[in-house]
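**Q** First the structure, which I've put down as C-alpha coordinates, then a few questions once you've had a look.
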Amino acid sequence: MENVKRTTLRDIAERLGLSQNSISVALRGGAGINADTRELILKTAREMGYMPRKRKSVEGENVLLISTSSTAVDPYFFNHLFTVIQNEIIRMDYSLLSIDTVSLKASFSAEGSFRQYLSQNHIVGIFVLGDIDAQTCAVFHSVDTPIVGVSFYLPGIPMSCVLEDNLSGSYLLVQHLVERGYRKMGFIGNLENTSFWERYSAAKGAQIRFGLSDNSRFDLLNLDSNDASAVECLEYLLSNMPELPEAFICCNDHMAAVTLKALRSRGLHCPDDIAVVGFDNNEIGRLSMPTITSVDTFRNLQGSVSVQLLNELISSKKGQNYRIVLPVRFQEGCSVKQLDGSGLSGSI
(Lines give C-alpha, C1' and ligand atoms only; values in the text may rest on other atoms or scores of the structure.)
Protein backbone atom coordinates (compact mmCIF):
# COMPACT_ATOMS: atom_id res chain seq x y z
CA MET A 1 0.00 0.00 0.00
CA GLU A 2 1.38 3.41 -0.97
CA ASN A 3 2.18 5.73 1.94
CA VAL A 4 0.13 8.93 2.03
CA LYS A 5 1.98 12.06 3.15
CA ARG A 6 0.48 13.50 6.32
CA THR A 7 -0.60 17.16 6.08
CA THR A 8 1.36 19.26 8.56
CA LEU A 9 1.04 22.76 10.01
CA ARG A 10 3.89 23.75 7.72
CA ASP A 11 1.94 22.60 4.66
CA ILE A 12 -1.04 24.77 5.66
CA ALA A 13 1.23 27.71 6.48
CA GLU A 14 2.91 27.53 3.07
CA ARG A 15 -0.45 27.26 1.28
CA LEU A 16 -1.77 30.42 3.01
CA GLY A 17 1.46 32.37 3.34
CA LEU A 18 1.12 32.54 7.14
CA SER A 19 3.40 31.50 10.01
CA GLN A 20 3.19 28.01 11.50
CA ASN A 21 2.51 29.57 14.89
CA SER A 22 -0.51 31.49 13.53
CA ILE A 23 -1.86 28.23 12.06
CA SER A 24 -1.32 26.44 15.38
CA VAL A 25 -2.99 29.22 17.40
CA ALA A 26 -6.03 29.23 15.10
CA LEU A 27 -6.46 25.43 15.09
CA ARG A 28 -6.39 25.19 18.87
CA GLY A 29 -8.78 28.15 19.29
CA GLY A 30 -6.24 30.53 20.79
CA ALA A 31 -6.69 34.29 20.95
CA GLY A 32 -5.07 36.88 18.69
CA ILE A 33 -6.29 35.60 15.29
CA ASN A 34 -8.70 37.64 13.15
CA ALA A 35 -12.07 35.86 12.75
CA ASP A 36 -11.88 35.80 8.94
CA THR A 37 -8.30 34.50 9.04
CA ARG A 38 -9.27 31.81 11.57
CA GLU A 39 -12.13 30.65 9.33
CA LEU A 40 -9.82 30.54 6.30
CA ILE A 41 -7.27 28.47 8.25
CA LEU A 42 -9.91 26.00 9.46
CA LYS A 43 -11.39 25.70 5.95
CA THR A 44 -7.97 25.11 4.39
CA ALA A 45 -7.06 22.54 7.06
CA ARG A 46 -10.24 20.59 6.30
CA GLU A 47 -9.63 20.75 2.55
CA MET A 48 -6.05 19.51 2.96
CA GLY A 49 -7.14 16.65 5.22
CA TYR A 50 -5.21 17.90 8.25
CA MET A 51 -5.42 15.58 11.25
CA PRO A 52 -3.91 16.83 14.53
CA ARG A 53 -1.37 14.57 16.15
CA LYS A 54 -2.72 12.60 19.05
CA ARG A 55 -1.62 14.15 22.31
CA LYS A 56 0.40 11.99 24.64
CA SER A 57 -1.57 10.16 27.25
CA VAL A 58 -2.67 12.20 30.22
CA GLU A 59 0.10 10.56 32.21
CA GLY A 60 2.73 12.13 29.90
CA GLU A 61 4.80 15.13 30.90
CA ASN A 62 3.85 18.47 29.40
CA VAL A 63 5.66 21.78 29.14
CA LEU A 64 3.54 24.92 29.18
CA LEU A 65 4.41 27.94 27.05
CA ILE A 66 2.77 31.19 28.17
CA SER A 67 2.64 34.25 25.92
CA THR A 68 0.40 37.19 25.14
CA SER A 69 -1.91 37.15 22.12
CA SER A 70 0.30 39.74 20.39
CA THR A 71 3.43 37.66 21.03
CA ALA A 72 1.70 34.55 19.65
CA VAL A 73 1.29 36.13 16.21
CA ASP A 74 4.55 38.13 16.07
CA PRO A 75 6.04 36.98 12.74
CA TYR A 76 9.48 38.52 13.24
CA PHE A 77 11.01 37.62 16.61
CA PHE A 78 8.83 35.51 18.88
CA ASN A 79 7.37 33.27 16.18
CA HIS A 80 10.91 32.20 15.32
CA LEU A 81 11.69 31.51 19.00
CA PHE A 82 8.45 29.54 19.33
CA THR A 83 9.40 27.30 16.40
CA VAL A 84 12.88 26.62 17.81
CA ILE A 85 11.45 25.79 21.24
CA GLN A 86 8.74 23.57 19.76
CA ASN A 87 11.25 21.54 17.75
CA GLU A 88 13.62 21.13 20.71
CA ILE A 89 10.82 20.10 23.08
CA ILE A 90 9.59 17.41 20.70
CA ARG A 91 13.09 15.92 20.58
CA MET A 92 13.08 15.70 24.36
CA ASP A 93 9.82 13.71 24.41
CA TYR A 94 7.73 16.39 26.10
CA SER A 95 4.42 17.70 24.79
CA LEU A 96 4.27 21.47 24.39
CA LEU A 97 1.04 23.16 25.45
CA SER A 98 0.78 26.80 24.38
CA ILE A 99 -1.64 29.31 25.89
CA ASP A 100 -2.00 33.08 26.02
CA THR A 101 -2.38 34.97 29.29
CA VAL A 102 -6.10 35.70 28.87
CA SER A 103 -6.98 32.04 28.28
CA LEU A 104 -4.63 30.96 31.06
CA LYS A 105 -6.32 33.18 33.66
CA ALA A 106 -9.73 31.86 32.62
CA SER A 107 -8.49 28.26 32.79
CA PHE A 108 -6.90 28.28 36.22
CA SER A 109 -9.69 30.44 37.64
CA ALA A 110 -12.15 27.73 36.60
CA GLU A 111 -9.96 24.99 38.03
CA GLY A 112 -9.44 26.68 41.40
CA SER A 113 -5.78 27.77 41.32
CA PHE A 114 -2.69 27.94 39.15
CA ARG A 115 -1.21 25.02 41.08
CA GLN A 116 -4.28 22.87 40.33
CA TYR A 117 -4.15 23.88 36.68
CA LEU A 118 -0.54 22.70 36.43
CA SER A 119 -1.28 19.45 38.25
CA GLN A 120 -4.35 18.55 36.19
CA ASN A 121 -2.48 19.22 32.94
CA HIS A 122 0.68 17.38 34.07
CA ILE A 123 2.88 20.44 33.59
CA VAL A 124 6.50 19.82 34.63
CA GLY A 125 8.02 23.05 33.30
CA ILE A 126 6.99 26.49 32.04
CA PHE A 127 8.27 28.86 29.38
CA VAL A 128 7.30 32.52 29.44
CA LEU A 129 7.76 33.85 25.91
CA GLY A 130 8.14 37.63 25.87
CA ASP A 131 6.67 40.18 28.26
CA ILE A 132 3.57 39.26 30.25
CA ASP A 133 1.82 41.35 32.88
CA ALA A 134 2.86 41.49 36.53
CA GLN A 135 -0.52 40.12 37.69
CA THR A 136 0.01 36.90 35.75
CA CYS A 137 3.61 36.65 36.94
CA ALA A 138 2.47 36.99 40.54
CA VAL A 139 0.95 33.49 40.46
CA PHE A 140 4.43 32.04 39.92
CA HIS A 141 5.09 32.62 43.63
CA SER A 142 2.53 29.91 44.46
CA VAL A 143 4.25 27.05 42.60
CA ASP A 144 7.63 25.30 42.58
CA THR A 145 7.46 24.27 38.91
CA PRO A 146 10.62 25.35 37.01
CA ILE A 147 10.03 28.51 34.95
CA VAL A 148 12.24 29.98 32.23
CA GLY A 149 11.60 33.41 30.76
CA VAL A 150 12.67 33.61 27.12
CA SER A 151 13.78 37.17 26.33
CA PHE A 152 11.86 38.19 29.46
CA TYR A 153 12.28 38.64 33.17
CA LEU A 154 10.54 40.69 35.82
CA PRO A 155 12.42 41.83 38.94
CA GLY A 156 11.21 40.03 42.04
CA ILE A 157 9.58 37.12 40.19
CA PRO A 158 11.05 33.66 41.01
CA MET A 159 12.08 32.40 37.60
CA SER A 160 15.14 31.68 35.48
CA CYS A 161 15.64 33.59 32.25
CA VAL A 162 17.61 33.51 29.01
CA LEU A 163 18.21 37.00 27.66
CA GLU A 164 20.01 38.77 24.84
CA ASP A 165 22.79 41.16 25.94
CA ASN A 166 20.82 44.39 25.58
CA LEU A 167 23.53 46.41 27.36
CA SER A 168 26.23 45.50 24.84
CA GLY A 169 23.84 45.76 21.89
CA SER A 170 22.75 49.31 22.65
CA TYR A 171 26.34 50.32 23.38
CA LEU A 172 27.46 49.01 19.96
CA LEU A 173 24.71 50.97 18.20
CA VAL A 174 25.59 54.23 19.97
CA GLN A 175 29.29 53.65 19.36
CA HIS A 176 28.64 53.15 15.64
CA LEU A 177 26.60 56.35 15.43
CA VAL A 178 29.25 58.35 17.28
CA GLU A 179 31.99 56.98 15.02
CA ARG A 180 29.94 58.17 12.04
CA GLY A 181 29.71 61.68 13.50
CA TYR A 182 26.22 61.59 15.07
CA ARG A 183 25.55 63.46 18.31
CA LYS A 184 21.79 64.07 18.48
CA MET A 185 19.99 60.75 19.02
CA GLY A 186 16.44 59.87 20.01
CA PHE A 187 15.00 56.55 21.20
CA ILE A 188 11.67 55.16 19.94
CA GLY A 189 9.86 52.35 21.78
CA ASN A 190 7.50 51.26 24.53
CA LEU A 191 9.29 51.09 27.88
CA GLU A 192 6.61 48.81 29.36
CA ASN A 193 8.47 46.04 27.55
CA THR A 194 11.34 44.83 29.76
CA SER A 195 13.81 44.29 26.90
CA PHE A 196 13.03 47.69 25.39
CA TRP A 197 13.48 49.34 28.78
CA GLU A 198 16.91 47.70 29.06
CA ARG A 199 17.85 48.84 25.55
CA TYR A 200 16.73 52.38 26.26
CA SER A 201 18.61 52.55 29.57
CA ALA A 202 21.75 51.11 27.97
CA ALA A 203 21.57 53.56 25.06
CA LYS A 204 21.30 56.48 27.49
CA GLY A 205 24.25 55.17 29.50
CA ALA A 206 26.35 54.78 26.36
CA GLN A 207 25.58 58.37 25.29
CA ILE A 208 26.78 59.60 28.67
CA ARG A 209 29.92 57.48 28.35
CA PHE A 210 30.67 59.03 24.96
CA GLY A 211 30.23 62.52 26.41
CA LEU A 212 27.06 63.45 24.51
CA SER A 213 24.64 66.09 25.72
CA ASP A 214 21.20 65.15 27.09
CA ASN A 215 19.11 63.97 24.13
CA SER A 216 15.88 63.27 26.04
CA ARG A 217 13.96 65.84 23.98
CA PHE A 218 14.25 63.49 21.00
CA ASP A 219 12.80 60.40 22.73
CA LEU A 220 9.37 58.98 21.79
CA LEU A 221 8.59 56.43 24.47
CA ASN A 222 4.92 55.46 24.21
CA LEU A 223 4.83 53.73 20.84
CA ASP A 224 4.11 50.06 20.14
CA SER A 225 5.06 48.79 16.67
CA ASN A 226 2.33 46.11 16.91
CA ASP A 227 -0.35 48.80 17.15
CA ALA A 228 -2.26 49.11 13.86
CA SER A 229 -2.02 52.90 14.09
CA ALA A 230 1.71 52.99 14.91
CA VAL A 231 2.72 54.70 11.66
CA GLU A 232 0.03 57.38 11.96
CA CYS A 233 0.89 58.03 15.63
CA LEU A 234 4.56 58.37 14.82
CA GLU A 235 3.84 60.69 11.89
CA TYR A 236 1.88 62.93 14.27
CA LEU A 237 4.60 62.94 16.91
CA LEU A 238 7.30 63.70 14.34
CA SER A 239 5.31 66.59 12.92
CA ASN A 240 5.08 68.14 16.39
CA MET A 241 8.77 67.87 17.29
CA PRO A 242 10.41 71.34 17.28
CA GLU A 243 13.64 69.70 16.14
CA LEU A 244 14.43 66.24 14.79
CA PRO A 245 17.51 64.29 15.92
CA GLU A 246 20.27 63.20 13.57
CA ALA A 247 19.44 59.57 14.31
CA PHE A 248 16.71 57.42 15.86
CA ILE A 249 17.62 54.34 17.90
CA CYS A 250 14.57 52.05 17.69
CA CYS A 251 13.62 49.37 20.23
CA ASN A 252 13.61 46.68 17.52
CA ASP A 253 13.71 46.25 13.75
CA HIS A 254 9.93 46.29 13.45
CA MET A 255 9.81 49.75 15.04
CA ALA A 256 12.71 50.82 12.81
CA ALA A 257 10.67 49.80 9.73
CA VAL A 258 7.67 51.74 11.07
CA THR A 259 9.96 54.75 11.61
CA LEU A 260 11.26 54.58 8.03
CA LYS A 261 7.69 54.62 6.73
CA ALA A 262 6.68 57.57 8.94
CA LEU A 263 9.75 59.55 7.92
CA ARG A 264 9.08 58.94 4.22
CA SER A 265 5.55 60.26 4.65
CA ARG A 266 7.13 63.54 5.80
CA GLY A 267 9.46 63.64 2.82
CA LEU A 268 12.52 62.54 4.83
CA HIS A 269 14.90 59.90 3.53
CA CYS A 270 17.17 57.53 5.44
CA PRO A 271 20.11 57.84 5.73
CA ASP A 272 20.43 61.09 3.72
CA ASP A 273 18.23 63.15 6.05
CA ILE A 274 18.24 61.05 9.21
CA ALA A 275 19.73 57.72 10.38
CA VAL A 276 17.67 54.86 11.82
CA VAL A 277 18.99 51.80 13.68
CA GLY A 278 17.12 48.83 15.12
CA PHE A 279 17.64 45.70 17.22
CA ASP A 280 17.22 41.91 16.64
CA ASN A 281 18.49 41.67 13.02
CA ASN A 282 15.34 39.96 11.77
CA GLU A 283 13.72 39.57 8.37
CA ILE A 284 11.87 42.91 8.29
CA GLY A 285 15.13 44.79 8.88
CA ARG A 286 16.98 42.91 6.17
CA LEU A 287 14.15 43.47 3.67
CA SER A 288 13.68 47.18 4.41
CA MET A 289 14.86 49.90 2.06
CA PRO A 290 17.44 50.80 3.14
CA THR A 291 18.49 47.69 5.08
CA ILE A 292 18.52 48.50 8.78
CA THR A 293 21.70 48.65 10.85
CA SER A 294 20.88 46.39 13.79
CA VAL A 295 22.07 43.95 16.47
CA ASP A 296 21.84 40.20 15.93
CA THR A 297 20.37 38.48 19.00
CA PHE A 298 20.90 34.90 17.74
CA ARG A 299 17.32 33.68 18.10
CA ASN A 300 18.17 30.04 17.34
CA LEU A 301 20.72 29.97 20.16
CA GLN A 302 18.35 31.73 22.55
CA GLY A 303 15.58 29.20 21.93
CA SER A 304 17.91 26.21 22.17
CA VAL A 305 19.58 27.37 25.39
CA SER A 306 16.17 28.10 26.94
CA VAL A 307 15.04 24.51 26.33
CA GLN A 308 18.32 23.08 27.63
CA LEU A 309 18.02 25.17 30.79
CA LEU A 310 14.41 24.16 31.46
CA ASN A 311 15.23 20.50 30.89
CA GLU A 312 18.11 20.75 33.37
CA LEU A 313 15.86 22.44 35.95
CA ILE A 314 13.20 19.74 35.53
CA SER A 315 15.78 16.96 35.89
CA SER A 316 17.76 18.38 38.81
CA LYS A 317 14.77 19.49 40.92
CA LYS A 318 17.12 21.88 42.76
CA GLY A 319 14.82 24.91 42.64
CA GLN A 320 17.76 27.19 41.75
CA ASN A 321 17.09 30.09 39.37
CA TYR A 322 19.59 31.22 36.75
CA ARG A 323 20.01 34.32 34.60
CA ILE A 324 21.78 33.56 31.31
CA VAL A 325 22.77 36.49 29.09
CA LEU A 326 23.74 35.51 25.55
CA PRO A 327 26.13 37.51 23.34
CA VAL A 328 24.95 39.75 20.52
CA ARG A 329 26.66 40.95 17.35
CA PHE A 330 26.57 44.31 15.59
CA GLN A 331 25.11 44.00 12.08
CA GLU A 332 25.73 46.93 9.75
CA GLY A 333 23.08 47.84 7.20
CA CYS A 334 22.66 50.88 4.96
CA SER A 335 20.60 53.10 7.28
CA VAL A 336 23.51 55.15 8.66
CA LYS A 337 25.82 57.40 6.64
CA GLN A 338 29.06 59.18 7.52
CA LEU A 339 28.42 62.69 8.82
CA ASP A 340 30.94 65.48 8.66
CA GLY A 341 32.34 65.52 12.16
CA SER A 342 35.05 64.31 14.46
CA GLY A 343 33.66 60.84 15.15
CA LEU A 344 35.09 59.51 18.40
CA SER A 345 37.66 62.29 18.66
CA GLY A 346 37.21 64.18 21.89
CA SER A 347 34.85 61.62 23.42
CA ILE A 348 36.32 59.07 25.80
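Residues in the C-alpha coordinates are numbered from 1 in each chain, the chains being A, B, ... in the order shown, and ligands are numbered from 1 in the order shown.
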Show me, as a list of chain:residue names, the residues that have an atom within 7 Å of region 246-255 of chain A when counting only C-alpha atoms, minus same-chain residues fewer than 2 positions from it.
**A** A:Tyr182, A:Lys184, A:Met185, A:Gly186, A:Phe187, A:Ile188, A:Gly189, A:Phe196, A:Arg199, A:Ser225, A:Leu244, A:Ala257, A:Val258, A:Thr259, A:Ile274, A:Ala275, A:Val276, A:Val277, A:Gly278, A:Phe279, A:Asp280, A:Asn281, A:Asn282, A:Ile284, A:Gly285
**Q** Could you save the residues just selected, with N, CA, C and O atoms, as a tab-separated table (two decimals), in the first residue's frame?
**A**
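result22.tsv, freshly written:
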```tsv
chain	number	residue	atom	x	y	z
A	182	TYR	N	27.54	61.21	14.53
A	182	TYR	CA	26.22	61.59	15.07
A	182	TYR	C	26.33	61.97	16.54
A	182	TYR	O	27.06	61.36	17.31
A	184	LYS	N	23.17	63.90	18.04
A	184	LYS	CA	21.79	64.07	18.48
A	184	LYS	C	21.00	62.79	18.15
A	184	LYS	O	20.75	62.50	16.99
A	185	MET	N	20.64	62.04	19.19
A	185	MET	CA	19.99	60.75	19.02
A	185	MET	C	18.73	60.66	19.87
A	185	MET	O	18.73	61.05	21.03
A	186	GLY	N	17.67	60.12	19.27
A	186	GLY	CA	16.44	59.87	20.01
A	186	GLY	C	16.15	58.38	20.06
A	186	GLY	O	16.63	57.61	19.22
A	187	PHE	N	15.38	57.97	21.05
A	187	PHE	CA	15.00	56.55	21.20
A	187	PHE	C	13.50	56.43	20.96
A	187	PHE	O	12.70	57.24	21.45
A	188	ILE	N	13.09	55.41	20.20
A	188	ILE	CA	11.67	55.16	19.94
A	188	ILE	C	11.31	53.76	20.43
A	188	ILE	O	11.93	52.77	20.02
A	189	GLY	N	10.29	53.66	21.30
A	189	GLY	CA	9.86	52.35	21.78
A	189	GLY	C	8.97	52.46	23.00
A	189	GLY	O	8.82	53.53	23.60
A	196	PHE	N	12.91	46.35	25.96
A	196	PHE	CA	13.03	47.69	25.39
A	196	PHE	C	13.51	48.68	26.45
A	196	PHE	O	14.27	49.60	26.15
A	199	ARG	N	17.17	48.26	26.70
A	199	ARG	CA	17.85	48.84	25.55
A	199	ARG	C	17.89	50.36	25.63
A	199	ARG	O	18.90	50.99	25.30
A	225	SER	N	5.05	49.08	18.11
A	225	SER	CA	5.06	48.79	16.67
A	225	SER	C	3.97	47.81	16.27
A	225	SER	O	3.62	47.72	15.08
A	244	LEU	N	14.21	67.67	14.93
A	244	LEU	CA	14.43	66.24	14.79
A	244	LEU	C	15.88	65.90	15.13
A	244	LEU	O	16.78	66.73	14.93
A	257	ALA	N	11.38	49.81	11.02
A	257	ALA	CA	10.67	49.80	9.73
A	257	ALA	C	9.49	50.76	9.77
A	257	ALA	O	9.21	51.47	8.79
A	258	VAL	N	8.77	50.79	10.90
A	258	VAL	CA	7.67	51.74	11.07
A	258	VAL	C	8.20	53.18	10.99
A	258	VAL	O	7.58	54.05	10.37
A	259	THR	N	9.35	53.42	11.61
A	259	THR	CA	9.96	54.75	11.61
A	259	THR	C	10.34	55.18	10.19
A	259	THR	O	10.11	56.33	9.80
A	274	ILE	N	18.22	61.51	7.82
A	274	ILE	CA	18.24	61.05	9.21
A	274	ILE	C	18.59	59.56	9.24
A	274	ILE	O	18.20	58.81	8.34
A	275	ALA	N	19.35	59.13	10.23
A	275	ALA	CA	19.73	57.72	10.38
A	275	ALA	C	18.72	57.00	11.26
A	275	ALA	O	18.10	57.59	12.15
A	276	VAL	N	18.56	55.70	11.01
A	276	VAL	CA	17.67	54.86	11.82
A	276	VAL	C	18.38	53.54	12.08
A	276	VAL	O	18.87	52.90	11.14
A	277	VAL	N	18.43	53.11	13.34
A	277	VAL	CA	18.99	51.80	13.68
A	277	VAL	C	17.97	51.02	14.49
A	277	VAL	O	17.09	51.60	15.13
A	278	GLY	N	18.07	49.69	14.43
A	278	GLY	CA	17.12	48.83	15.12
A	278	GLY	C	17.82	47.84	16.04
A	278	GLY	O	18.94	48.05	16.49
A	279	PHE	N	17.13	46.72	16.30
A	279	PHE	CA	17.64	45.70	17.22
A	279	PHE	C	16.96	44.38	16.86
A	279	PHE	O	15.76	44.37	16.56
A	280	ASP	N	17.67	43.29	16.85
A	280	ASP	CA	17.22	41.91	16.64
A	280	ASP	C	17.73	41.32	15.33
A	280	ASP	O	17.82	40.10	15.20
A	281	ASN	N	18.00	42.16	14.31
A	281	ASN	CA	18.49	41.67	13.02
A	281	ASN	C	17.56	40.60	12.45
A	281	ASN	O	17.98	39.48	12.14
A	282	ASN	N	16.26	40.93	12.32
A	282	ASN	CA	15.34	39.96	11.77
A	282	ASN	C	14.97	40.28	10.33
A	282	ASN	O	15.53	41.19	9.72
A	284	ILE	N	12.41	41.62	8.72
A	284	ILE	CA	11.87	42.91	8.29
A	284	ILE	C	12.99	43.95	8.14
A	284	ILE	O	12.94	44.81	7.26
A	285	GLY	N	14.01	43.86	8.98
A	285	GLY	CA	15.13	44.79	8.88
A	285	GLY	C	15.98	44.54	7.65
A	285	GLY	O	16.45	45.48	7.00
```
**Q** Could you list, as a list in words, every residue within 10 Å of Asn311 (chain A), counting only C-alpha atoms and ignoring same-chain residues fewer than 5 positions away?
**A**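 Listed by chain and then number, they are Val63, Ile89, Met92, Tyr94, Val124, Gly125, Pro146, Val305, Ser306 and Ser316 of chain A.
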**Q** Taking the backbone alone, and naming residues the way the document does, which bits of region 223-295 of chain A are strand (DSSP E) by DSSP, as a ChimeraX atom specification?
**A** /A:247-250,275-277,294-295
**Q** Of the candidates A:Ser229, A:Asn34, A:Gln302, A:Ser335, which shows the shortest atom-to-atom distance to Met289 (chain A), using only C-alpha atoms?
**A**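 Nearest candidate to Met289 (chain A) out of A:Ser229, A:Asn34, A:Gln302, A:Ser335: A:Ser335.
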**Q** Rounded to one decimal, what separation in Å do you get between CA of Phe330 (chain A) and CA of Asp296 (chain A)?
**A** 6.3 Å
**Q** Could you work out how far CA of Ser119 (chain A) lies from CA of Ser24 (chain A), giving the answer in Å with one decimal?
**A**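 Straight-line distance from CA of Ser24 (chain A) to CA of Ser119 (chain A) works out to 23.9 Å.
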**Q** Name the residues of region 42-199 of chain A that fall into helix (DSSP H, G or I) according to DSSP on the backbone, using the chain letters and numbers of this document, as a PyMOL selection string.
**A** chain A and resi 42-47+69-72+78-91+101-110+114-120+134-142+166-179+194-199
**Q** Just want the 7 Å neighbourhood of Glu332 (chain A), counted on only C-alpha atoms, with same-chain residues fewer than 2 positions away dropped. Output as a list in words.
**A**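 Counting only C-alpha atoms, the residues come to Thr293, Ser294, Phe330 and Cys334 of chain A.
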